[in-house]
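Report on one structure; see the data block that follows.
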Amino acid sequence: MLADFDWHRIWTLNIDDIVETALNDKGVPYDRFDWTSAFRDSSTNSRQIVHLHGFVKEPSTNDSSQSQLVFSIQQYAAAIQDMRTWHAVFTDEFTERPFIVLGASLIDEIDLQEALVHTAARTSRGFPSIAVLKSTTALERDELAALGLLVVEAEAETFMSQLHNAVQAHRDNLRGLYGAPLDEGAAKFLQQFIDLRTYAPNADLSSRNFYGGYEPTWGTILEKEDATFQTTERAITKISTATQSGDVRQEIHMLTGGPGTGKSTGLLRVASQLVGEGLPTFQFRGDEELDVFAALQWLRRMPKTVLIIDGCAEFADSIGELAEECSACRIPLRIVGAERSTRRRHLEQEISHRFLNLSDDYEYDRLSDEDIDSLIDKLRTRRRLGRITRRSLAEQRRYFRSFASRRLFEGMANLEGGLGFQERIRANYQLLTNPQLRGLYEIASMAYQHGYEVPLGVASRVSGIPGDELGSMLSSDTQDRMLIDRNGVKLPHRITASLMVDSVMSRHQRFVAMHQLLIALAPHVDVPAIRKRTRAYRLVRQMMNQESVMRLLGPEDGRRLYDAMEAPYDWNGRYWDQRALFESELEDHDRARSYAEHSLTIQNHPFAHNTLGTILGRIAVRDGDVGVLREAMRTLEDARDSRGWDASEHPYVTFFTTMNRFGNKWGLTTIPSQLRGWWSQWFRAAETSRVFSSRDGEAQLERFRRDWLYLAVD
């Protein structure tokens, strides 16, 4: 029965091929790895089998190589210490995911002890693991229970049979709920989305201190803790009308605003309204890239479905692709999303204006007088007016209008507590006397300023806090400074994390936090993880960004970080792109060119072409070298004409910027007529591109044209 389940991954301590045989008998494709193999993220097309102790090949095979077996204590130690191996991945996943352990007590496995001590943190999140053993002693049961493992005494075959029946009953239940048997596409959709009609949030997650600065959850909305603002009311009216329409349209309604303006709360309140109207409303989990095919199949099955997506810019390309596919297939699409205003331009570039609704009515900004009254009324009802509780209504209004400058987060953050918000962050950090918790707070801040939690396994491994202590320490010792959700450890709010990193942490502390996180996440990032855009990959990408590295670390420490990351990320083209751009910003363009050229040997990607074109252009401007300028322009042309980059502004912006800078420094007449003709061709292409169709895009294009014409008449 092992082959009957779609396992995320199968880990085995056996060195034989018993698992492979079981899958072969059912015709299930698989990929086999041993503990020394390079990590590869799971594929939807085949099962992964990982031999943590190696495997013995069949004597009849022509493969003369031998898997490295793990038997001795020295070999155990080597397996544990090499954090680029599967043991590191197992340690993290065993902390974060529910496991079923068949026939292995685990207690005596020396190389797995690192994973086992992390287990209890998972059980506190409602995801226990099960150890299925034929028989156990009382002592063994106590030991396994202490590790967070629920012991089931049964034959493996009996347990698997009962599990098969339970899974089938669950599938029957889903069939009754959604009206048809679930195919592979539907199953994938339900892995990526939460049905808000039936979702009951964990009590620990729904009872957080929303008024004390925590980000909203679905529990916040169910408990009606939020105040309804005018922007939310306008959005509900418009979106409700649109979603109730029977038209076959594709509409993406986007709520936008700055950090802490209430857009995520507004998004959940809109979702609640849609659920109340009986519409099937699903919230995107964001664990990996949106599966366009699965979503398309689901929308064909349930055309009244509404998708709720927070942080849409991260998945804008797949959202745009889904809209195009739905349009071509005449399938209705209703998406309600939220994103920071600073990323509006990216949304406009990736999603056609035929589908994207970025109405000013959906913009969250300063609180209106009506918003302030609604907020005061809600806080009064909840007895959470803090320092303004005994003031008159006029004084309470003045607090939000004047003291908080009509900013929601600023007003709420300073309502309770004796210090200003930023000073309170510093004071709370200094109260953490445990060096391990301090270190965890620093890496959690570093990750969550980008919007990502630190996976539990990584958090425990980097901080040195065993998993059986991590949950209790966070609930008791950190006093709401950190918390655990389904994706790992984070701070209560992204703004808190940003202020901690920017204003409290020293440059050295930032370096240490970034270094530790990048090293710990390295085993989880490979080419399939990049294609799936997993959380681990997206966090690494954000931290590796040269602008972020320069801002947080500066030139010297930034170079040290990139040097230190060469070993684990040498295979990654984006690492070399960002390192090249970092060196170019320091005006070491020749070294930067070498790095950019190396990136293209790893992957012939349009971004790599654009990076090389940028650096060649800077060299040309520096030296007045028309030959290098020509080479830069041809490289940018390769980037622009690459498949999938027709909606990217990068080649255009780099082209116009480079040409204008060259002409401004060396004179327009030094540019050959052929290259000047290219400028006109590029401009015509830009005018017809979706990239510059927005108001901001048109204004940017007009600035490039004006600067070029100025050179002609100067």
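Residue numbering restarts at 1 in every chain; chains get A, B, ... in the order shown in the structure tokens, and ligands count up from 1 in that same order.
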
Legend entry - Residues within 12 Å of A:Glu233, only C-alpha atoms, excluding chain neighbours under 2 positions, as a list in words: Ala227, Thr228, Phe229, Gln230, Thr231, Ala235, Ile236, Thr237, Lys238, Ile239, Ser240, Leu255, Gly266, Leu267, Arg269, Val270, Gln273, Asp361, Tyr362, Glu363, Tyr364, Glu370, Asp371 and Ser374 of chain A

Hey, what does DSSP flag as strand (DSSP E or B) within stretch 323-393 of chain A? Can you give it to me as a PDB file with C-alpha atoms, in the first residue's frame?
ATOM      1  CA  LEU A 333     -11.941  34.614 -12.738  1.00  0.00           C
ATOM      2  CA  ARG A 334     -12.389  36.659  -9.581  1.00  0.00           C
ATOM      3  CA  ILE A 335      -9.298  37.539  -7.549  1.00  0.00           C
ATOM      4  CA  VAL A 336      -9.143  39.963  -4.645  1.00  0.00           C
ATOM      5  CA  GLY A 337      -5.587  40.784  -3.668  1.00  0.00           C
ATOM      6  CA  ALA A 338      -3.482  43.145  -1.574  1.00  0.00           C
ATOM      7  CA  GLU A 339      -0.040  44.629  -2.118  1.00  0.00           C
ATOM      8  CA  ARG A 340       2.127  47.534  -1.030  1.00  0.00           C
ATOM      9  CA  LEU A 356      -6.200  44.405 -13.271  1.00  0.00           C
ATOM     10  CA  ASN A 357      -8.285  46.850 -11.258  1.00  0.00           C
ATOM     11  CA  GLU A 363      -6.028  52.613  -1.887  1.00  0.00           C
ATOM     12  CA  TYR A 364      -5.386  52.572   1.869  1.00  0.00           C
TER      13      TYR A 364
END

Inset, instruction - Just the residues within 12 Å of stretch 168-177 of chain A, please, counting only C-alpha atoms, with nothing from its chain fewer than 3 positions along; format it as a ChimeraX atom specification. - result: /A:4-5,161-165,180-183,186-187,190,195,197-198,280,302

Legend entry - Residue list (helix (DSSP H, G or I), DSSP) for stretch 437-516 of chain A, as a PyMOL selection string: chain A and resi 437-448+456-463+467-476+494-504+507-516

Legend entry - Selected residue of minimal separation from A:Pro455 among A:Thr305, A:Asn434, A:His524, A:Glu20, counting only C-alpha atoms: A:His524

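Using only C-alpha atoms, the shortest contact distance between A:Gly471 and any of A:Thr95, A:Val152, A:Pro259, A:Thr611 is found at A:Thr95.
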
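Residue nearest A:Leu367, chosen from A:Lys134, A:His609, A:Lys304, A:Arg406 and counting only C-alpha atoms: A:Arg406.
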
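Candidate residues A:Cys312, A:Ala522, A:Leu13, A:Ala529 were compared for distance to A:Glu566, and the nearest is A:Ala522, using only C-alpha atoms.
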
Inset, instruction - Show which residues sit within 8 Å of A:Ile100, as a list of chain:residue names. Count only C-alpha atoms, and ignore same-chain residues fewer than 2 positions away. - result: A:Pro98, A:Leu102, A:Ser129, A:Ile130, A:Ala131, A:Val132

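Here the question is which of A:Gly185, A:Arg398, A:Cys329, A:Ala608 gets nearest to A:Trp298 using only C-alpha atoms, and that residue is A:Gly185.
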
Inset, instruction - Name the residues in contact with A:Gln546 at a cut-off of 8 Å, using only C-alpha atoms, excluding same-chain residues fewer than 2 positions from it; report them as a PyMOL selection string. - result: chain A and resi 544+548-550+578-579+581-582

Inset, instruction - For A:His598, work out the shell of residues within 10 Å, counting only C-alpha atoms and skipping chain neighbours fewer than 2 positions away, then give it as a PyMOL selection string. - result: chain A and resi 573+576-577+580+592-596+600-603+608+612

Name the residues in contact with A:Ile388 at a cut-off of 9 Å, using only C-alpha atoms, excluding same-chain residues fewer than 4 positions from it; report them as a compact mmCIF listing (two decimals) with all heavy atoms, in the first residue's frame.
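For reference, around-v2.txt as written:
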# COMPACT_ATOMS: atom_id res chain seq x y z
N SER A 392 -11.76 62.97 26.38
CA SER A 392 -13.02 63.24 25.68
C SER A 392 -12.93 62.72 24.25
O SER A 392 -11.84 62.45 23.73
CB SER A 392 -13.29 64.74 25.66
OG SER A 392 -12.32 65.41 24.87
N GLU A 395 -10.69 64.82 22.18
CA GLU A 395 -9.26 64.58 22.41
C GLU A 395 -8.82 63.25 21.80
O GLU A 395 -7.70 63.13 21.29
CB GLU A 395 -8.98 64.59 23.91
CG GLU A 395 -9.09 65.96 24.55
CD GLU A 395 -8.90 65.91 26.05
OE1 GLU A 395 -9.48 65.01 26.70
OE2 GLU A 395 -8.16 66.76 26.57
N GLN A 396 -9.70 62.25 21.82
CA GLN A 396 -9.38 60.97 21.20
C GLN A 396 -9.22 61.13 19.69
O GLN A 396 -8.30 60.58 19.08
CB GLN A 396 -10.48 59.95 21.52
CG GLN A 396 -10.50 59.54 22.99
CD GLN A 396 -11.73 58.72 23.35
OE1 GLN A 396 -12.69 58.64 22.58
NE2 GLN A 396 -11.72 58.13 24.55
N TYR A 399 -5.94 62.79 18.96
CA TYR A 399 -4.79 61.88 19.08
C TYR A 399 -4.49 61.23 17.73
O TYR A 399 -3.33 61.20 17.27
CB TYR A 399 -5.08 60.80 20.12
CG TYR A 399 -4.10 59.65 20.11
CD1 TYR A 399 -2.88 59.74 20.76
CD2 TYR A 399 -4.39 58.47 19.41
CE1 TYR A 399 -1.96 58.69 20.74
CE2 TYR A 399 -3.48 57.42 19.38
CZ TYR A 399 -2.28 57.53 20.04
OH TYR A 399 -1.38 56.50 20.00
N LEU A 415 -0.50 53.61 21.37
CA LEU A 415 -1.68 53.73 22.22
C LEU A 415 -1.45 53.07 23.58
O LEU A 415 -1.89 53.57 24.61
CB LEU A 415 -2.87 53.08 21.52
CG LEU A 415 -4.27 53.51 21.96
CD1 LEU A 415 -4.46 55.01 21.79
CD2 LEU A 415 -5.32 52.76 21.14

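Between atom CA of A:Glu288 and atom CA of A:Leu147 the separation is 29.4 Å.
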
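Computed from the coordinates, the atom CA of A:Ala295 to atom CA of A:Met254 distance equals 18.8 Å.
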
Inset, instruction - Between A:Gly258, A:Gly554, A:Gly663, A:Pro332, single out the one closest to A:Pro303, counting only C-alpha atoms. - result: A:Pro332
